[in-house]
$ cat entry_36.cif   # mmCIF, C-alpha atoms
data_work
loop_
_atom_site.label_atom_id
_atom_site.label_comp_id
_atom_site.auth_asym_id
_atom_site.auth_seq_id
_atom_site.Cartn_x
_atom_site.Cartn_y
_atom_site.Cartn_z
CA LEU Z 1499 36.93 86.72 -97.78
CA HIS Z 1500 36.42 83.29 -96.30
CA ILE Z 1501 36.16 84.68 -92.79
CA GLN Z 1502 33.69 87.30 -93.88
CA SER Z 1503 31.48 84.71 -95.57
CA ASP Z 1504 31.38 82.58 -92.38
CA LYS Z 1505 30.31 85.57 -90.38
CA ALA Z 1506 27.63 86.37 -92.91
CA VAL Z 1507 26.18 82.85 -92.65
CA SER Z 1508 26.26 82.78 -88.83
CA LEU Z 1509 24.43 86.08 -88.41
CA PRO Z 1510 20.98 84.77 -89.53
CA ILE Z 1511 21.38 81.71 -87.28
CA LEU Z 1512 22.23 83.91 -84.33
CA ALA Z 1513 19.29 86.15 -85.06
CA CYS Z 1514 16.97 83.13 -85.27
CA ARG Z 1515 18.19 81.86 -81.92
CA CYS Z 1516 17.65 85.22 -80.31
CA ALA Z 1517 14.14 85.30 -81.68
CA HIS Z 1518 13.39 81.81 -80.35
CA GLY Z 1519 14.83 82.73 -76.96
CA LYS Z 1520 12.65 85.83 -76.90
CA TYR Z 1521 9.49 83.86 -77.70
CA ALA Z 1522 10.43 81.07 -75.24
CA GLN Z 1523 10.76 83.64 -72.45
CA LYS Z 1524 7.44 85.21 -73.45
CA LEU Z 1525 5.79 81.74 -73.52
CA LEU Z 1526 7.18 80.89 -70.11
CA ASN Z 1527 5.83 84.12 -68.64
CA ASP Z 1528 2.42 83.63 -70.22
CA LEU Z 1529 2.07 80.00 -69.10
CA PHE Z 1530 3.07 80.45 -65.48
CA THR Z 1531 1.39 83.81 -64.76
CA ASN Z 1532 -1.49 82.25 -62.82
CA TYR Z 1533 -0.15 78.68 -62.65
CA THR Z 1534 0.25 76.71 -59.42
CA SER Z 1535 2.10 73.41 -59.07
CA ALA Z 1536 0.24 72.44 -55.92
CA LEU Z 1537 -3.05 71.36 -57.54
CA ARG Z 1538 -3.87 68.58 -59.96
CA PRO Z 1539 -3.83 70.13 -63.47
CA VAL Z 1540 -7.35 69.32 -64.68
CA GLU Z 1541 -10.17 71.59 -65.79
CA ASP Z 1542 -12.77 69.58 -63.87
CA THR Z 1543 -11.98 68.14 -60.45
CA ASN Z 1544 -13.98 65.00 -61.31
CA THR Z 1545 -11.74 64.28 -64.28
CA ILE Z 1546 -9.28 61.42 -63.88
CA LEU Z 1547 -5.72 62.34 -64.78
CA ASN Z 1548 -3.94 59.57 -66.70
CA VAL Z 1549 -0.21 59.09 -66.13
CA THR Z 1550 1.69 56.74 -68.44
CA LEU Z 1551 4.73 55.04 -66.90
CA GLN Z 1552 7.63 53.51 -68.74
CA VAL Z 1553 10.70 51.98 -67.06
CA THR Z 1554 14.04 51.25 -68.70
CA LEU Z 1555 16.41 48.93 -66.86
CA SER Z 1556 19.96 50.18 -67.33
CA GLN Z 1557 22.00 48.14 -64.86
CA ILE Z 1558 21.74 45.73 -61.96
CA ILE Z 1559 24.16 47.17 -59.46
CA ASP Z 1560 23.92 44.68 -56.61
CA MET Z 1561 21.83 41.81 -55.30
CA ASP Z 1562 22.18 41.46 -51.54
CA GLU Z 1563 20.80 37.99 -50.84
CA ARG Z 1564 21.48 38.17 -47.12
CA ASN Z 1565 19.47 41.40 -46.63
CA GLN Z 1566 17.19 40.68 -49.62
CA ILE Z 1567 17.73 44.07 -51.29
CA LEU Z 1568 18.13 44.66 -55.03
CA THR Z 1569 19.96 47.79 -56.16
CA ALA Z 1570 19.23 48.80 -59.75
CA TYR Z 1571 19.79 51.77 -62.05
CA LEU Z 1572 16.54 52.73 -63.84
CA TRP Z 1573 15.38 55.35 -66.30
CA ILE Z 1574 11.82 56.36 -65.47
CA ARG Z 1575 9.58 58.17 -67.96
CA GLN Z 1576 6.26 59.67 -66.85
CA VAL Z 1577 3.87 61.25 -69.35
CA TRP Z 1578 0.67 63.19 -68.54
CA VAL Z 1579 -1.37 66.09 -69.88
CA ASP Z 1580 -1.47 69.39 -68.05
CA ALA Z 1581 -4.65 71.22 -69.01
CA HIS Z 1582 -3.20 74.59 -67.95
CA LEU Z 1583 -0.05 74.43 -70.10
CA LYS Z 1584 -1.37 74.65 -73.65
CA TRP Z 1585 -0.65 77.26 -76.32
CA ASN Z 1586 -0.90 78.01 -79.99
CA LYS Z 1587 2.51 77.68 -81.58
CA ASP Z 1588 1.66 80.24 -84.25
CA ASP Z 1589 1.53 82.90 -81.57
CA TYR Z 1590 5.10 82.12 -80.55
CA ASP Z 1591 6.88 81.88 -83.88
CA GLY Z 1592 6.17 78.13 -84.32
CA LEU Z 1593 7.56 77.16 -80.90
CA ASP Z 1594 5.91 73.81 -80.10
CA THR Z 1595 8.05 72.49 -77.18
CA ILE Z 1596 9.89 73.97 -74.24
CA ARG Z 1597 12.16 72.43 -71.62
CA ILE Z 1598 11.97 73.79 -68.12
CA PRO Z 1599 12.91 72.55 -64.62
CA SER Z 1600 10.50 69.94 -63.31
CA SER Z 1601 9.98 71.89 -60.10
CA TYR Z 1602 8.00 74.52 -62.07
CA VAL Z 1603 5.14 72.15 -62.92
CA TRP Z 1604 2.85 69.80 -61.05
CA ARG Z 1605 4.30 66.28 -60.86
CA PRO Z 1606 2.52 63.06 -59.92
CA ASP Z 1607 3.63 61.60 -56.59
CA ILE Z 1608 4.41 58.18 -58.05
CA VAL Z 1609 6.77 56.30 -55.76
CA LEU Z 1610 8.26 52.83 -55.50
CA TYR Z 1611 6.09 51.01 -52.97
CA ASN Z 1612 8.68 48.37 -52.02
CA ASN Z 1613 11.47 50.88 -51.54
CA ALA Z 1614 14.20 49.69 -49.16
CA ASP Z 1615 16.41 52.78 -49.23
CA ASP Z 1616 17.27 54.42 -45.91
CA HIS Z 1617 17.04 57.93 -47.36
CA PHE Z 1618 13.95 57.41 -49.56
CA THR Z 1619 15.52 59.30 -52.45
CA GLY Z 1620 13.26 59.67 -55.49
CA PRO Z 1621 14.04 60.38 -59.15
CA MET Z 1622 16.47 63.14 -60.04
CA ASP Z 1623 15.02 66.63 -60.60
CA THR Z 1624 15.65 66.81 -64.35
CA ASN Z 1625 13.91 69.05 -66.86
CA VAL Z 1626 10.50 68.28 -68.26
CA VAL Z 1627 9.51 68.59 -71.92
CA ILE Z 1628 6.19 70.41 -72.48
CA ARG Z 1629 4.43 70.22 -75.81
CA GLN Z 1630 1.93 72.72 -77.19
CA ASP Z 1631 -1.02 70.37 -76.49
CA GLY Z 1632 -0.14 70.28 -72.76
CA GLN Z 1633 1.57 66.88 -72.79
CA ILE Z 1634 4.43 66.75 -70.28
CA MET Z 1635 7.17 64.14 -70.51
CA TRP Z 1636 9.46 63.73 -67.53
CA ASP Z 1637 12.53 61.50 -67.96
CA SER Z 1638 14.59 60.99 -64.84
CA PRO Z 1639 17.25 58.47 -63.81
CA ALA Z 1640 17.06 56.79 -60.42
CA ILE Z 1641 19.13 54.34 -58.39
CA THR Z 1642 16.57 52.29 -56.50
CA LYS Z 1643 16.91 49.87 -53.61
CA SER Z 1644 13.91 47.58 -53.54
CA SER Z 1645 13.03 44.70 -51.28
CA CYS Z 1646 13.17 41.35 -53.06
CA LYS Z 1647 12.17 37.99 -51.60
CA VAL Z 1648 15.12 35.72 -52.33
CA ASP Z 1649 14.59 31.96 -52.49
CA VAL Z 1650 17.94 30.17 -52.23
CA SER Z 1651 16.61 26.62 -52.22
CA TYR Z 1652 18.47 25.79 -55.44
CA PHE Z 1653 21.57 27.95 -54.91
CA PRO Z 1654 23.79 28.27 -56.95
CA PHE Z 1655 21.40 27.15 -59.72
CA ASP Z 1656 18.57 29.40 -58.58
CA ALA Z 1657 16.34 31.93 -60.36
CA GLN Z 1658 14.84 34.98 -58.65
CA GLN Z 1659 11.90 37.28 -59.31
CA CYS Z 1660 12.11 40.82 -57.98
CA ARG Z 1661 9.17 43.20 -58.23
CA PHE Z 1662 9.09 46.97 -58.73
CA THR Z 1663 5.65 48.31 -57.79
CA TYR Z 1664 4.96 51.94 -58.75
CA GLY Z 1665 1.87 53.86 -57.76
CA SER Z 1666 0.60 57.19 -56.44
CA TRP Z 1667 1.04 57.70 -52.72
CA THR Z 1668 -1.91 60.06 -52.11
CA TYR Z 1669 -4.12 60.10 -55.22
CA ASN Z 1670 -6.63 57.27 -55.57
CA GLY Z 1671 -7.88 55.75 -58.78
CA ASN Z 1672 -10.69 58.30 -59.10
CA GLN Z 1673 -8.18 61.13 -59.24
CA LEU Z 1674 -5.08 59.65 -60.90
CA ASP Z 1675 -4.84 56.55 -63.04
CA ILE Z 1676 -1.46 55.01 -63.80
CA LEU Z 1677 -0.96 53.11 -67.05
CA ASN Z 1678 1.97 51.10 -68.40
CA ALA Z 1679 3.36 52.35 -71.71
CA MET Z 1680 4.59 48.90 -72.82
CA GLU Z 1681 3.95 45.32 -71.80
CA SER Z 1682 7.46 45.06 -70.41
CA ALA Z 1683 10.34 47.26 -69.39
CA ASP Z 1684 12.84 48.41 -71.97
CA LEU Z 1685 16.01 46.28 -71.87
CA ALA Z 1686 17.73 47.64 -74.97
CA ASP Z 1687 20.35 49.61 -73.03
CA LEU Z 1688 20.93 47.04 -70.31
CA VAL Z 1689 24.50 46.60 -69.09
CA GLU Z 1690 25.19 42.88 -68.61
CA ASN Z 1691 25.74 41.73 -65.04
CA VAL Z 1692 28.54 39.27 -64.25
CA GLU Z 1693 26.44 37.25 -61.79
CA TRP Z 1694 22.84 37.58 -62.98
CA GLU Z 1695 21.25 36.97 -66.36
CA VAL Z 1696 18.09 38.99 -67.07
CA LEU Z 1697 15.37 36.84 -68.61
CA GLY Z 1698 12.72 39.53 -68.86
CA MET Z 1699 10.84 42.28 -67.05
CA PRO Z 1700 7.10 42.12 -67.82
CA ALA Z 1701 4.72 44.83 -66.58
CA LYS Z 1702 1.25 44.38 -65.14
CA ARG Z 1703 -1.33 46.94 -64.05
CA ASN Z 1704 -3.17 46.20 -60.79
CA ILE Z 1705 -6.03 47.81 -58.91
CA ILE Z 1706 -5.70 47.30 -55.17
CA LEU Z 1707 -8.28 47.96 -52.46
CA TYR Z 1708 -6.49 48.62 -49.18
CA GLY Z 1709 -8.07 48.14 -45.79
CA CYS Z 1710 -7.53 51.74 -44.82
CA CYS Z 1711 -9.39 53.27 -47.76
CA ALA Z 1712 -12.52 52.50 -49.74
CA ASP Z 1713 -11.21 53.95 -53.00
CA PRO Z 1714 -9.13 51.81 -55.41
CA TYR Z 1715 -5.44 52.50 -55.88
CA PRO Z 1716 -3.97 51.48 -59.25
CA ASP Z 1717 -0.33 50.52 -59.61
CA VAL Z 1718 2.06 49.10 -62.20
CA THR Z 1719 4.26 46.17 -61.16
CA TYR Z 1720 7.39 45.23 -63.09
CA THR Z 1721 8.63 41.70 -62.40
CA LEU Z 1722 12.35 41.34 -62.99
CA LYS Z 1723 13.22 37.72 -63.78
CA LEU Z 1724 16.80 36.81 -62.98
CA LYS Z 1725 18.86 33.65 -63.35
CA ARG Z 1726 22.15 33.23 -61.54
CA ARG Z 1727 25.31 32.53 -63.51
CA ALA Z 1728 26.58 29.56 -61.54
CA SER Z 1729 30.07 29.18 -63.07
CA PHE Z 1730 31.79 31.12 -60.30
CA TYR Z 1731 30.22 29.06 -57.52
CA VAL Z 1732 30.70 25.75 -59.37
CA PHE Z 1733 34.46 26.28 -59.73
CA ASN Z 1734 35.02 27.84 -56.29
CA LEU Z 1735 32.59 26.01 -54.00
CA LEU Z 1736 31.12 22.95 -55.67
CA ILE Z 1737 34.03 21.26 -57.48
CA PRO Z 1738 36.42 21.53 -54.46
CA CYS Z 1739 33.72 19.99 -52.27
CA VAL Z 1740 33.22 17.10 -54.72
CA MET Z 1741 36.96 16.47 -54.86
CA ILE Z 1742 37.25 16.54 -51.07
CA SER Z 1743 34.26 14.23 -50.65
CA PHE Z 1744 35.94 11.62 -52.87
CA LEU Z 1745 38.78 11.48 -50.34
CA ALA Z 1746 36.44 10.18 -47.63
CA PRO Z 1747 36.08 6.62 -49.05
CA LEU Z 1748 39.85 6.40 -49.54
CA GLY Z 1749 40.21 6.34 -45.76
CA PHE Z 1750 39.01 2.73 -45.91
CA TYR Z 1751 41.80 1.89 -48.33
CA LEU Z 1752 44.55 3.01 -45.99
CA PRO Z 1753 46.26 0.18 -44.10
CA ALA Z 1754 45.03 -0.16 -40.55
CA ASP Z 1755 48.59 -0.16 -39.21
CA SER Z 1756 49.35 3.24 -40.80
CA GLY Z 1757 47.59 5.13 -38.00
CA GLU Z 1758 46.23 7.80 -40.40
CA LYS Z 1759 42.75 6.45 -41.14
CA VAL Z 1760 40.92 8.51 -38.51
CA SER Z 1761 43.12 11.56 -39.15
CA LEU Z 1762 42.14 11.59 -42.82
CA GLY Z 1763 38.43 11.56 -41.96
CA VAL Z 1764 38.79 14.38 -39.44
CA THR Z 1765 40.83 16.47 -41.91
CA VAL Z 1766 38.21 16.07 -44.64
CA MET Z 1767 35.50 17.02 -42.14
CA LEU Z 1768 37.33 20.23 -41.21
CA ALA Z 1769 37.82 21.15 -44.87
CA LEU Z 1770 34.11 20.77 -45.60
CA THR Z 1771 33.26 22.81 -42.51
CA VAL Z 1772 35.25 25.73 -43.94
CA PHE Z 1773 33.27 25.61 -47.19
CA GLN Z 1774 30.02 25.33 -45.24
CA LEU Z 1775 30.88 28.52 -43.34
CA LEU Z 1776 31.57 30.34 -46.63
CA VAL Z 1777 28.13 29.41 -47.93
CA ALA Z 1778 26.48 30.40 -44.64
CA GLU Z 1779 27.98 33.90 -44.87
CA ILE Z 1780 26.44 34.46 -48.31
CA MET Z 1781 22.99 33.03 -47.75
CA PRO Z 1782 20.21 34.78 -45.80
CA PRO Z 1783 19.21 33.18 -42.49
CA SER Z 1784 16.06 31.36 -43.58
CA GLU Z 1785 14.43 27.97 -43.25
CA ASN Z 1786 15.17 27.13 -46.90
CA VAL Z 1787 18.50 25.35 -46.94
CA PRO Z 1788 20.31 25.87 -50.28
CA LEU Z 1789 21.06 22.92 -52.51
CA ILE Z 1790 24.81 23.21 -52.05
CA GLY Z 1791 24.27 23.40 -48.27
CA LYS Z 1792 22.30 20.15 -48.40
CA TYR Z 1793 25.15 18.59 -50.37
CA TYR Z 1794 27.65 19.75 -47.74
CA ILE Z 1795 25.53 18.39 -44.89
CA ALA Z 1796 25.03 15.05 -46.67
CA THR Z 1797 28.77 14.78 -47.35
CA MET Z 1798 29.68 15.69 -43.77
CA THR Z 1799 27.19 13.10 -42.48
CA MET Z 1800 28.75 10.50 -44.75
CA ILE Z 1801 32.25 11.39 -43.55
CA THR Z 1802 31.11 11.17 -39.93
CA ALA Z 1803 29.67 7.72 -40.60
CA SER Z 1804 32.84 6.63 -42.41
CA THR Z 1805 35.01 7.82 -39.50
CA ALA Z 1806 32.84 5.93 -37.00
CA LEU Z 1807 33.00 2.79 -39.15
CA THR Z 1808 36.76 3.19 -39.45
CA ILE Z 1809 37.11 3.20 -35.67
CA PHE Z 1810 34.92 0.09 -35.46
CA ILE Z 1811 36.95 -1.71 -38.14
CA MET Z 1812 40.23 -0.77 -36.48
CA ASN Z 1813 39.02 -2.39 -33.26
CA ILE Z 1814 38.32 -5.56 -35.24
CA HIS Z 1815 41.73 -5.39 -36.88
CA HIS Z 1816 43.55 -5.08 -33.56
CA CYS Z 1817 41.84 -8.03 -31.89
CA GLY Z 1818 44.50 -9.66 -29.68
CA PRO Z 1819 45.25 -13.28 -28.85
CA ASP Z 1820 42.53 -13.32 -26.22
CA ALA Z 1821 39.79 -12.61 -28.78
CA LYS Z 1822 37.10 -15.14 -29.48
CA PRO Z 1823 37.24 -17.05 -32.77
CA VAL Z 1824 35.44 -15.62 -35.77
CA PRO Z 1825 31.83 -16.84 -35.75
CA LYS Z 1826 30.83 -19.39 -38.30
CA TRP Z 1827 28.33 -17.05 -40.02
CA ALA Z 1828 31.04 -14.39 -40.33
CA LYS Z 1829 33.38 -16.90 -41.94
CA ILE Z 1830 30.73 -17.80 -44.50
CA VAL Z 1831 29.33 -14.35 -45.21
CA ILE Z 1832 32.41 -12.15 -44.83
CA LEU Z 1833 35.45 -14.35 -45.43
CA GLN Z 1834 33.93 -16.24 -48.35
CA TYR Z 1835 31.22 -14.32 -50.20
CA MET Z 1836 32.08 -10.68 -49.35
CA ALA Z 1837 35.81 -11.32 -49.78
CA ARG Z 1838 35.23 -12.54 -53.32
CA MET Z 1839 32.89 -9.61 -54.07
CA CYS Z 1840 35.47 -7.10 -52.85
CA PHE Z 1841 38.45 -8.97 -54.42
CA VAL Z 1842 40.22 -9.52 -51.10
CA TYR Z 1843 42.52 -12.57 -51.19
CA GLU Z 1844 45.44 -13.89 -49.21
CA VAL Z 1845 48.96 -13.95 -50.58
CA GLY Z 1846 49.13 -16.63 -53.27
CA GLU Z 1847 45.33 -16.99 -53.35
CA ASN Z 1848 43.11 -15.97 -56.23
CA CYS Z 1849 39.46 -16.07 -57.06
CA MET Z 1850 39.71 -19.66 -58.36
CA SER Z 1851 41.46 -21.08 -55.31
CA PRO Z 1852 39.20 -23.14 -53.03
CA GLN Z 1853 39.16 -21.98 -49.46
CA LEU Z 1854 39.94 -25.05 -47.36
CA ASP Z 1855 40.70 -25.08 -43.67
CA LYS Z 1856 44.22 -26.19 -43.05
CA GLN Z 1857 44.31 -29.07 -40.54
CA GLU Z 1858 47.07 -29.20 -38.04
CA PRO Z 1859 48.92 -32.53 -37.91
CA LYS Z 1860 48.00 -34.43 -34.78
CA LEU Z 1861 50.58 -36.19 -32.69
CA VAL Z 1862 50.05 -39.90 -32.24
CA LYS Z 1863 50.36 -40.85 -28.62
CA ASP Z 1864 51.62 -44.21 -27.45
CA ALA Z 1865 48.56 -46.19 -26.56
CA ASN Z 1866 50.51 -48.37 -24.16
CA CYS Z 1867 51.91 -45.52 -22.08
CA THR Z 1868 50.26 -42.63 -20.27
CA MET Z 1869 51.17 -39.00 -20.46
CA ASN Z 1870 52.92 -38.87 -17.08
CA GLY Z 1871 55.00 -41.99 -17.56
CA GLN Z 1872 52.90 -44.31 -15.39
CA ALA Z 1873 52.79 -47.92 -16.55
CA GLY Z 1874 49.58 -49.34 -17.84
CA PRO Z 1875 48.17 -52.57 -16.57
CA GLY Z 1876 50.08 -55.67 -17.67
CA ARG Z 1877 53.01 -53.69 -19.13
CA GLU Z 1878 55.73 -53.78 -16.56
CA ASP Z 1879 58.51 -53.34 -19.13
CA CYS Z 1880 57.40 -49.81 -19.92
CA VAL Z 1881 59.04 -48.42 -16.82
CA SER Z 1882 62.56 -49.47 -17.66
CA ASP Z 1883 65.26 -46.85 -17.39
CA GLY Z 1884 65.84 -46.54 -21.13
CA GLU Z 1885 62.19 -46.17 -21.98
CA ARG Z 1886 61.66 -43.77 -19.10
CA LYS Z 1887 64.10 -41.41 -20.75
CA ASP Z 1888 62.31 -41.90 -24.07
CA ARG Z 1889 58.99 -41.01 -22.47
CA GLU Z 1890 60.42 -37.91 -20.88
CA LEU Z 1891 61.73 -36.87 -24.28
CA LEU Z 1892 58.32 -37.61 -25.77
CA ARG Z 1893 56.61 -35.42 -23.17
CA ASN Z 1894 58.95 -32.56 -23.98
CA ILE Z 1895 58.33 -32.93 -27.70
CA GLU Z 1896 54.58 -33.06 -27.10
CA TYR Z 1897 54.77 -29.91 -24.94
CA ILE Z 1898 56.63 -28.07 -27.71
CA ALA Z 1899 54.10 -29.33 -30.24
CA ASN Z 1900 51.20 -28.12 -28.06
CA CYS Z 1901 52.83 -24.70 -27.72
CA TYR Z 1902 53.36 -24.54 -31.47
CA ARG Z 1903 49.75 -25.64 -32.04
CA ASP Z 1904 48.43 -22.95 -29.68
CA GLN Z 1905 50.61 -20.34 -31.34
CA ARG Z 1906 49.37 -21.34 -34.79
CA ALA Z 1907 45.77 -21.29 -33.58
CA THR Z 1908 46.28 -17.81 -32.11
CA GLN Z 1909 47.89 -16.57 -35.31
CA LYS Z 1910 45.10 -18.06 -37.37
CA ARG Z 1911 42.45 -16.47 -35.16
CA THR Z 1912 44.18 -13.08 -35.30
CA GLY Z 1913 44.66 -13.39 -39.06
CA GLU Z 1914 41.00 -14.19 -39.55
CA TRP Z 1915 39.95 -11.06 -37.62
CA LYS Z 1916 42.39 -8.97 -39.66
CA LYS Z 1917 40.95 -10.38 -42.86
CA VAL Z 1918 37.43 -9.60 -41.61
CA ALA Z 1919 38.54 -6.00 -41.01
CA LYS Z 1920 40.14 -5.82 -44.46
CA VAL Z 1921 37.01 -7.16 -46.18
CA LEU Z 1922 34.82 -4.68 -44.31
CA ASP Z 1923 37.21 -1.88 -45.30
CA ARG Z 1924 36.91 -2.73 -48.99
CA PHE Z 1925 33.16 -3.24 -48.77
CA PHE Z 1926 32.48 0.15 -47.16
CA MET Z 1927 34.95 1.82 -49.50
CA TRP Z 1928 32.91 0.78 -52.54
CA ILE Z 1929 29.63 1.62 -50.80
CA PHE Z 1930 30.79 5.14 -49.96
CA PHE Z 1931 32.30 5.65 -53.42
CA ILE Z 1932 28.90 4.85 -54.93
CA MET Z 1933 27.18 7.24 -52.50
CA VAL Z 1934 29.57 10.09 -53.30
CA PHE Z 1935 29.21 9.47 -57.04
CA PHE Z 1936 25.42 9.56 -56.98
CA MET Z 1937 25.30 12.65 -54.73
CA SER Z 1938 27.72 14.48 -57.02
CA LEU Z 1939 25.76 13.35 -60.08
CA LEU Z 1940 22.54 14.61 -58.48
CA ILE Z 1941 23.82 18.10 -57.78
CA MET Z 1942 25.64 18.36 -61.11
CA GLY Z 1943 22.39 17.41 -62.84
CA LYS Z 1944 20.85 20.61 -61.49
CA ALA Z 1945 23.45 22.63 -63.39
CA ILE Z 1946 22.49 21.11 -66.76
#
$ encode --input "entry_36.cif" --output "structure tokens"
Amino acid sequence: LHIQSDKAVSLPILACRCAHGKYAQKLLNDLFTNYTSALRPVEDTNTILNVTLQVTLSQIIDMDERNQILTAYLWIRQVWVDAHLKWNKDDYDGLDTIRIPSSYVWRPDIVLYNNADDHFTGPMDTNVVIRQDGQIMWDSPAITKSSCKVDVSYFPFDAQQCRFTYGSWTYNGNQLDILNAMESADLADLVENVEWEVLGMPAKRNIILYGCCADPYPDVTYTLKLKRRASFYVFNLLIPCVMISFLAPLGFYLPADSGEKVSLGVTVMLALTVFQLLVAEIMPPSENVPLIGKYYIATMTMITASTALTIFIMNIHHCGPDAKPVPKWAKIVILQYMARMCFVYEVGENCMSPQLDKQEPKLVKDANCTMNGQAGPGREDCVSDGERKDRELLRNIEYIANCYRDQRATQKRTGEWKKVAKVLDRFFMWIFFIMVFFMSLLIMGKAI
């Protein structure tokens, strides 16, 4: 009984469907008996046909900054009125809409002006919905590749604006007028992109007069506003560069006798060069240098300068015994003032210790005897045998004292040059630390 009742209910539904299919076939035959899809569907050729355009952004597939091409997935809706496709629904059992292939009807030749696709593929040939008053609605999905001018001056904290310009390719404004259905594209069904944040997609209708033609050509331009999500580039390109750049000033802190001061600078330079090449592969070849590229160049310039200064300071440190004494101005400026500023002191010396020149004790010579043992006038007793031996011993002692005095003077001169090098090392270390800090603060401020 239950099975029989189900069959009894389904029979009227099946009969209704057969009746609708019969009337739909009759309507299709009546509408397209003398219809042609080659001509503009207006009753008067002077009448302007209005086409309403609505774009829904579904997904941003790819943004190729190097080739400046944006690939997006769009849903495009076009609505117009066909004067030859109208009927009275009472004549067709209340049938007010039909869905047929879009190739059966006339379609406006609205194309994407800034198309960058090699194959120039248009919207998909989906069905159109025809209402009894002649209104045709054509919804079709499309994967578009459009040219987009990319400005990477503030990469990776940049924002881009990509335009989608739609208009008729052959019909001018006196034959076909294109209107925007809404003030902006529909973003309700947008799939979030991992790299780009969509801020909006406003629409604007324009009327353009081209040099080739005297008639106006209307178009609708959608401006897609994008902002880059910079987290990926901050953690993979920016933070490693900042950490490497802080190693450059530490080269001044290495002892000069370690032999690794120049090697550290060269190694840091090579590491930054690798990151610079990674950025160069992503960015388009343009005159606008990205912000992170400027940071790399500034850091590499600073490392080059620090390496050159390191070589100069090492030459000062390794001044030999034949070097000239430290100039007086250098002793005052570097060994006194700059040494205290950079907290460079000798062993056992602090900031409160006065810096006094240590005087070497001078040997007192016998005023009555000469250096070579010759007797002075009126002193005949100086040349006795006992005193001659004493004078020879005195000459030997004085020779040893002179050698010791020369050695101490050489050690003092070499020590002063080494201290000059050490003070310069500390001074440039703090200078370069401050430079790296402010450069890193400047580029991090762009991310906030």
$ closest_residue --input "entry_36.cif" --among "Z:Asn1813, Z:Gln1834, Z:Ser1729, Z:Ser1651" --to "Lys1792 of chain Z" --atoms "all atoms listed in the file"
Z:Ser1651
$ closest_residue --input "entry_36.cif" --among "Z:Leu1572, Z:Cys1660, Z:Ile1932, Z:Ala1640" --to "Val1689 of chain Z" --atoms "all atoms listed in the file"
Z:Leu1572
$ resolve_selection --input "entry_36.cif" --expression "the PyMOL selection byres ((chain Z and resi 1591-1604) around 6)" --output "PyMOL selection string"
chain Z and resi 1535+1587-1590+1605+1625-1630
$ resolve_selection --input "entry_36.cif" --expression "the PyMOL selection byres ((chain Z and resi 1741-1757) around 8)" --output "list in words"
Ile1737, Pro1738, Cys1739, Val1740, Glu1758, Lys1759, Val1760, Ser1761, Leu1762, Gly1763, Val1766, Ala1769, Leu1770, Thr1797, Ile1801, Ser1804, Thr1808, Met1812, His1815, Asp1923, Arg1924, Phe1926, Met1927, Trp1928, Phe1930, Phe1931 and Val1934 of chain Z
$ write_last_selection --input "entry_36.cif" --atoms "C-alpha atoms" --output "mmCIF file, keeping the file's coordinate frame"
data_model
loop_
_atom_site.group_PDB
_atom_site.id
_atom_site.type_symbol
_atom_site.label_atom_id
_atom_site.label_comp_id
_atom_site.auth_asym_id
_atom_site.auth_seq_id
_atom_site.Cartn_x
_atom_site.Cartn_y
_atom_site.Cartn_z
ATOM 1 C CA ILE Z 1737 34.030 21.260 -57.480
ATOM 2 C CA PRO Z 1738 36.420 21.530 -54.460
ATOM 3 C CA CYS Z 1739 33.720 19.990 -52.270
ATOM 4 C CA VAL Z 1740 33.220 17.100 -54.720
ATOM 5 C CA GLU Z 1758 46.230 7.800 -40.400
ATOM 6 C CA LYS Z 1759 42.750 6.450 -41.140
ATOM 7 C CA VAL Z 1760 40.920 8.510 -38.510
ATOM 8 C CA SER Z 1761 43.120 11.560 -39.150
ATOM 9 C CA LEU Z 1762 42.140 11.590 -42.820
ATOM 10 C CA GLY Z 1763 38.430 11.560 -41.960
ATOM 11 C CA VAL Z 1766 38.210 16.070 -44.640
ATOM 12 C CA ALA Z 1769 37.820 21.150 -44.870
ATOM 13 C CA LEU Z 1770 34.110 20.770 -45.600
ATOM 14 C CA THR Z 1797 28.770 14.780 -47.350
ATOM 15 C CA ILE Z 1801 32.250 11.390 -43.550
ATOM 16 C CA SER Z 1804 32.840 6.630 -42.410
ATOM 17 C CA THR Z 1808 36.760 3.190 -39.450
ATOM 18 C CA MET Z 1812 40.230 -0.770 -36.480
ATOM 19 C CA HIS Z 1815 41.730 -5.390 -36.880
ATOM 20 C CA ASP Z 1923 37.210 -1.880 -45.300
ATOM 21 C CA ARG Z 1924 36.910 -2.730 -48.990
ATOM 22 C CA PHE Z 1926 32.480 0.150 -47.160
ATOM 23 C CA MET Z 1927 34.950 1.820 -49.500
ATOM 24 C CA TRP Z 1928 32.910 0.780 -52.540
ATOM 25 C CA PHE Z 1930 30.790 5.140 -49.960
ATOM 26 C CA PHE Z 1931 32.300 5.650 -53.420
ATOM 27 C CA VAL Z 1934 29.570 10.090 -53.300
#
$ closest_residue --input "entry_36.cif" --among "Z:Ile1832, Z:Tyr1652, Z:Ala1701, Z:Ala1570" --to "Phe1925 of chain Z" --atoms "all atoms listed in the file"
Z:Ile1832
$ resolve_selection --input "entry_36.cif" --expression "the PyMOL selection byres ((chain Z and resi 1719) around 8)" --output "short mmCIF file (atom, residue, chain, number, x, y, z; two decimals) with C-alpha atoms, in the frame of the given file"
data_model
loop_
_atom_site.label_atom_id
_atom_site.label_comp_id
_atom_site.auth_asym_id
_atom_site.auth_seq_id
_atom_site.Cartn_x
_atom_site.Cartn_y
_atom_site.Cartn_z
CA ARG Z 1661 9.17 43.20 -58.23
CA PHE Z 1662 9.09 46.97 -58.73
CA THR Z 1663 5.65 48.31 -57.79
CA TYR Z 1664 4.96 51.94 -58.75
CA ALA Z 1701 4.72 44.83 -66.58
CA LYS Z 1702 1.25 44.38 -65.14
CA ARG Z 1703 -1.33 46.94 -64.05
CA ASN Z 1704 -3.17 46.20 -60.79
CA ASP Z 1717 -0.33 50.52 -59.61
CA VAL Z 1718 2.06 49.10 -62.20
CA TYR Z 1720 7.39 45.23 -63.09
CA THR Z 1721 8.63 41.70 -62.40
#
